[in-house]
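Pasting coords.pdb here (PDB, C-alpha atoms):
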```pdb
MODEL        1
ATOM      1  CA  MET Q   1     126.103 191.963 174.453
ATOM      2  CA  THR Q   2     127.802 192.398 177.815
ATOM      3  CA  ILE Q   3     126.674 194.805 180.507
ATOM      4  CA  LEU Q   4     129.656 197.038 179.688
ATOM      5  CA  SER Q   5     128.546 197.276 176.055
ATOM      6  CA  ILE Q   6     125.057 198.240 177.179
ATOM      7  CA  PHE Q   7     126.437 200.996 179.407
ATOM      8  CA  LEU Q   8     128.581 202.349 176.581
ATOM      9  CA  TRP Q   9     125.528 202.347 174.300
ATOM     10  CA  LEU Q  10     123.479 204.108 176.987
ATOM     11  CA  ALA Q  11     126.173 206.793 177.280
ATOM     12  CA  ASP Q  12     125.469 207.837 173.700
ATOM     13  CA  ILE Q  13     121.720 207.805 174.257
ATOM     14  CA  VAL Q  14     121.972 209.848 177.444
ATOM     15  CA  SER Q  15     124.117 212.395 175.633
ATOM     16  CA  ALA Q  16     121.420 212.799 172.985
ATOM     17  CA  VAL Q  17     118.683 213.085 175.642
ATOM     18  CA  LYS Q  18     120.674 215.803 177.387
ATOM     19  CA  SER Q  19     120.992 217.772 174.149
ATOM     20  CA  ILE Q  20     117.297 217.393 173.348
ATOM     21  CA  SER Q  21     116.346 218.458 176.892
ATOM     22  CA  LEU Q  22     118.465 221.575 176.580
ATOM     23  CA  VAL Q  23     116.874 222.514 173.260
ATOM     24  CA  LEU Q  24     113.376 221.873 174.610
ATOM     25  CA  ALA Q  25     114.126 223.978 177.707
ATOM     26  CA  ILE Q  26     115.230 226.876 175.523
ATOM     27  CA  VAL Q  27     112.181 226.574 173.248
ATOM     28  CA  ALA Q  28     109.829 226.339 176.242
ATOM     29  CA  ALA Q  29     111.488 229.381 177.839
ATOM     30  CA  VAL Q  30     111.017 231.423 174.651
ATOM     31  CA  PHE Q  31     107.342 230.458 174.430
ATOM     32  CA  PHE Q  32     106.939 231.103 178.158
ATOM     33  CA  LEU Q  33     108.274 234.635 177.765
ATOM     34  CA  GLY Q  34     105.988 235.185 174.772
ATOM     35  CA  PHE Q  35     102.912 234.049 176.677
ATOM     36  CA  LEU Q  36     103.976 236.103 179.698
ATOM     37  CA  VAL Q  37     104.096 239.236 177.570
ATOM     38  CA  THR Q  38     100.710 238.269 176.103
ATOM     39  CA  VAL Q  39      99.142 237.889 179.559
ATOM     40  CA  PHE Q  40     100.105 241.434 180.503
ATOM     41  CA  SER Q  41      99.131 242.985 177.173
ATOM     42  CA  ILE Q  42      95.692 241.380 176.590
ATOM     43  CA  THR Q  43      92.615 243.055 178.007
ATOM     44  CA  ASN Q  44      90.113 240.391 176.908
ATOM     45  CA  SER Q  45      89.569 238.177 179.974
ATOM     46  CA  GLU Q  46      88.869 234.993 177.973
ATOM     47  CA  LYS Q  47      92.115 235.251 176.019
ATOM     48  CA  GLN Q  48      93.976 236.285 179.133
ATOM     49  CA  GLU Q  49      92.822 233.151 180.978
ATOM     50  CA  PHE Q  50      93.966 231.012 178.011
ATOM     51  CA  ALA Q  51      97.373 232.700 178.065
ATOM     52  CA  LYS Q  52      97.689 232.284 181.843
ATOM     53  CA  THR Q  53      96.980 228.555 181.585
ATOM     54  CA  TYR Q  54      99.621 228.001 178.925
ATOM     55  CA  THR Q  55     102.073 230.289 180.681
ATOM     56  CA  ARG Q  56     101.956 228.013 183.743
ATOM     57  CA  LYS Q  57     102.397 224.888 181.604
ATOM     58  CA  LEU Q  58     105.297 226.401 179.684
ATOM     59  CA  PHE Q  59     106.941 227.502 182.915
ATOM     60  CA  ALA Q  60     106.673 223.938 184.250
ATOM     61  CA  ALA Q  61     108.061 222.536 180.986
ATOM     62  CA  THR Q  62     110.967 224.990 181.108
ATOM     63  CA  ILE Q  63     111.810 223.919 184.656
ATOM     64  CA  VAL Q  64     111.517 220.189 183.908
ATOM     65  CA  PHE Q  65     113.593 220.252 180.719
ATOM     66  CA  GLY Q  66     116.116 222.621 182.279
ATOM     67  CA  LEU Q  67     116.591 220.325 185.262
ATOM     68  CA  LEU Q  68     116.952 217.314 182.969
ATOM     69  CA  ALA Q  69     119.660 219.122 181.022
ATOM     70  CA  LEU Q  70     121.454 219.959 184.282
ATOM     71  CA  ILE Q  71     121.103 216.610 186.040
ATOM     72  CA  ILE Q  72     121.992 214.253 183.184
ATOM     73  CA  PRO Q  73     125.774 213.687 183.205
ATOM     74  CA  SER Q  74     127.881 214.273 180.128
ATOM     75  CA  LYS Q  75     129.148 211.426 177.971
ATOM     76  CA  SER Q  76     132.694 211.801 179.310
ATOM     77  CA  THR Q  77     131.446 211.601 182.911
ATOM     78  CA  ILE Q  78     129.587 208.387 182.111
ATOM     79  CA  TYR Q  79     132.733 206.959 180.501
ATOM     80  CA  MET Q  80     134.728 207.841 183.634
ATOM     81  CA  ILE Q  81     132.148 206.148 185.852
ATOM     82  CA  ILE Q  82     132.272 203.028 183.668
ATOM     83  CA  GLY Q  83     136.085 203.051 183.822
ATOM     84  CA  VAL Q  84     136.095 203.317 187.608
ATOM     85  CA  GLU Q  85     133.587 200.467 187.918
ATOM     86  CA  VAL Q  86     135.624 198.227 185.597
ATOM     87  CA  ALA Q  87     138.859 199.050 187.434
ATOM     88  CA  ASN Q  88     137.181 198.331 190.755
ATOM     89  CA  SER Q  89     135.908 194.964 189.551
ATOM     90  CA  VAL Q  90     139.398 194.051 188.323
ATOM     91  CA  VAL Q  91     141.030 195.063 191.602
ATOM     92  CA  THR Q  92     138.536 193.150 193.745
ATOM     93  CA  ASN Q  93     138.668 190.030 191.575
ATOM     94  CA  GLU Q  94     140.536 187.135 193.249
ATOM     95  CA  TYR Q  95     142.134 186.035 189.983
ATOM     96  CA  SER Q  96     143.528 189.528 189.448
ATOM     97  CA  LYS Q  97     144.975 189.541 192.959
ATOM     98  CA  GLU Q  98     146.769 186.261 192.254
ATOM     99  CA  ILE Q  99     148.204 187.646 189.016
ATOM    100  CA  MET Q 100     149.453 190.769 190.831
ATOM    101  CA  LEU Q 101     151.180 188.623 193.480
ATOM    102  CA  GLU Q 102     152.822 186.517 190.774
ATOM    103  CA  LEU Q 103     153.868 189.647 188.913
ATOM    104  CA  LYS Q 104     155.352 191.077 192.103
ATOM    105  CA  SER Q 105     157.392 187.901 192.648
ATOM    106  CA  VAL Q 106     158.655 188.014 189.048
ATOM    107  CA  VAL Q 107     159.735 191.642 189.474
ATOM    108  CA  ILE Q 108     161.508 190.835 192.751
ATOM    109  CA  ASP Q 109     163.311 187.903 191.078
ATOM    110  CA  LYS Q 110     164.474 190.181 188.255
ATOM    111  CA  ILE Q 111     165.744 192.731 190.765
ATOM    112  CA  LYS Q 112     167.643 189.983 192.592
ATOM    113  CA  GLU Q 113     169.194 188.841 189.283
ATOM    114  CA  THR Q 114     170.431 192.337 188.561
ATOM    115  CA  SER Q 115     171.740 192.687 192.118
ATOM    116  CA  VAL Q 116     174.211 189.914 191.439
ATOM    117  CA  LYS Q 117     175.504 191.832 188.436
ATOM    118  CA  ASP Q 118     175.292 195.361 189.847
ATOM    119  CA  GLY Q 119     176.141 194.877 193.513
ATOM    120  CA  LEU Q 120     174.314 194.963 196.789
ATOM    121  CA  SER Q 121     172.256 198.147 196.303
ATOM    122  CA  ALA Q 122     169.729 196.372 194.057
ATOM    123  CA  ALA Q 123     169.485 193.509 196.569
ATOM    124  CA  LYS Q 124     168.608 195.997 199.317
ATOM    125  CA  ASP Q 125     165.930 197.497 197.069
ATOM    126  CA  ALA Q 126     164.460 194.030 196.440
ATOM    127  CA  LYS Q 127     164.503 193.269 200.151
ATOM    128  CA  SER Q 128     162.594 196.498 200.896
ATOM    129  CA  LEU Q 129     159.945 195.501 198.326
ATOM    130  CA  THR Q 130     159.271 192.189 200.036
ATOM    131  CA  GLN Q 131     158.595 193.816 203.409
TER     132      GLN Q 131
ENDMDL
END
```
File written out as structure tokens:
Amino acid sequence: MTILSIFLWLADIVSAVKSISLVLAIVAAVFFLGFLVTVFSITNSEKQEFAKTYTRKLFAATIVFGLLALIIPSKSTIYMIIGVEVANSVVTNEYSKEIMLELKSVVIDKIKETSVKDGLSAAKDAKSLTQ
């Protein structure tokens, strides 16, 4: 398995983690609101202290899962990042640079061949490419 394959696999996993975080944030927020209502409606101090403790924990869980859902990039964003990294590695590779120079010379030769058939305008275009 190459590093690119691992990143593509991780993109699917991260997408699932984002979805789960969003669901957990919503569930924690619902429970948080329920416990918040309970805190204000209970007169028994022992039960009220229990509700206050869990209200704080649920608030923290809501914030944590909500931030995870916001911070984790989408699958398409991860694919774009992978594409940019692959393109960058191809562009900075010495072998790729050599191929591009050879390809440029082939294109210039083809333009020069057509200039003989079509006249001087194609030759001028080929000359401007070499500069």
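Among the candidates Q:Thr55, Q:Ser96, Q:Ser89, Q:Ser74, the one nearest to Ala28 in chain Q when counting only C-alpha atoms is Q:Thr55.
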Fewer than 2 positions away in the same chain doesn't count, so skip those; otherwise give me all residues within 9 Å of Ser21 in chain Q, counting all atoms listed in the file, as a ChimeraX atom specification. /Q:16-19,23-26,64-69
Just the residues within 10 Å of Val91 in chain Q, please, counting only C-alpha atoms, with nothing from its chain fewer than 6 positions along; format it as a list in words.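 Skipping anything fewer than 6 positions along the chain leaves Glu85, Lys97 and Met100 of chain Q.
You will find CA of Val30 in chain Q at 25.9 Å from CA of Ile13 in chain Q.
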Top pick for closest residue to Phe35 in chain Q, considering Q:Leu4, Q:Ile72, Q:Val90, Q:Leu58 and counting all atoms listed in the file: Q:Leu58
Residues within 8 Å of range 48-53 of chain Q, please, as a short mmCIF file (atom, residue, chain, number, x, y, z; two decimals) with C-alpha atoms, in the frame of the given file. Count all atoms listed in the file; anything in the same chain fewer than 5 positions from it doesn't count.
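To be explicit, this is the file written out as result.cif:
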```cif
data_model
loop_
_atom_site.label_atom_id
_atom_site.label_comp_id
_atom_site.auth_asym_id
_atom_site.auth_seq_id
_atom_site.Cartn_x
_atom_site.Cartn_y
_atom_site.Cartn_z
CA PHE Q 35 102.91 234.05 176.68
CA LEU Q 36 103.98 236.10 179.70
CA THR Q 38 100.71 238.27 176.10
CA VAL Q 39 99.14 237.89 179.56
CA ILE Q 42 95.69 241.38 176.59
CA THR Q 43 92.62 243.06 178.01
#
```
Between CA of Val107 in chain Q and CA of Glu94 in chain Q, what is the distance in Å, rounded to a tenth?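 Separation between CA of Val107 in chain Q and CA of Glu94 in chain Q: 20.1 Å.
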Å distance separating CA of Leu103 in chain Q from CA of Ser5 in chain Q, one decimal place: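 A separation of 29.4 Å between them.
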Write out as a CSV table (one decimal) with C-alpha atoms, keeping the file's coordinate frame which residues come within 8 Å of range 75-78 of chain Q when counting only C-alpha atoms, dropping same-chain ones fewer than 6 positions away.
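What landed in part37.csv:
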```
chain,number,residue,atom,x,y,z
Q,11,ALA,CA,126.2,206.8,177.3
Q,12,ASP,CA,125.5,207.8,173.7
Q,14,VAL,CA,122.0,209.8,177.4
Q,15,SER,CA,124.1,212.4,175.6
```
May I ask which of the residues Q:Leu8, Q:Ala29, Q:Ile20, Q:Ala87 is the closest one to Lys57 in chain Q, counting only C-alpha atoms?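 When distances to Lys57 in chain Q are compared using only C-alpha atoms, the smallest one comes from Q:Ala29.
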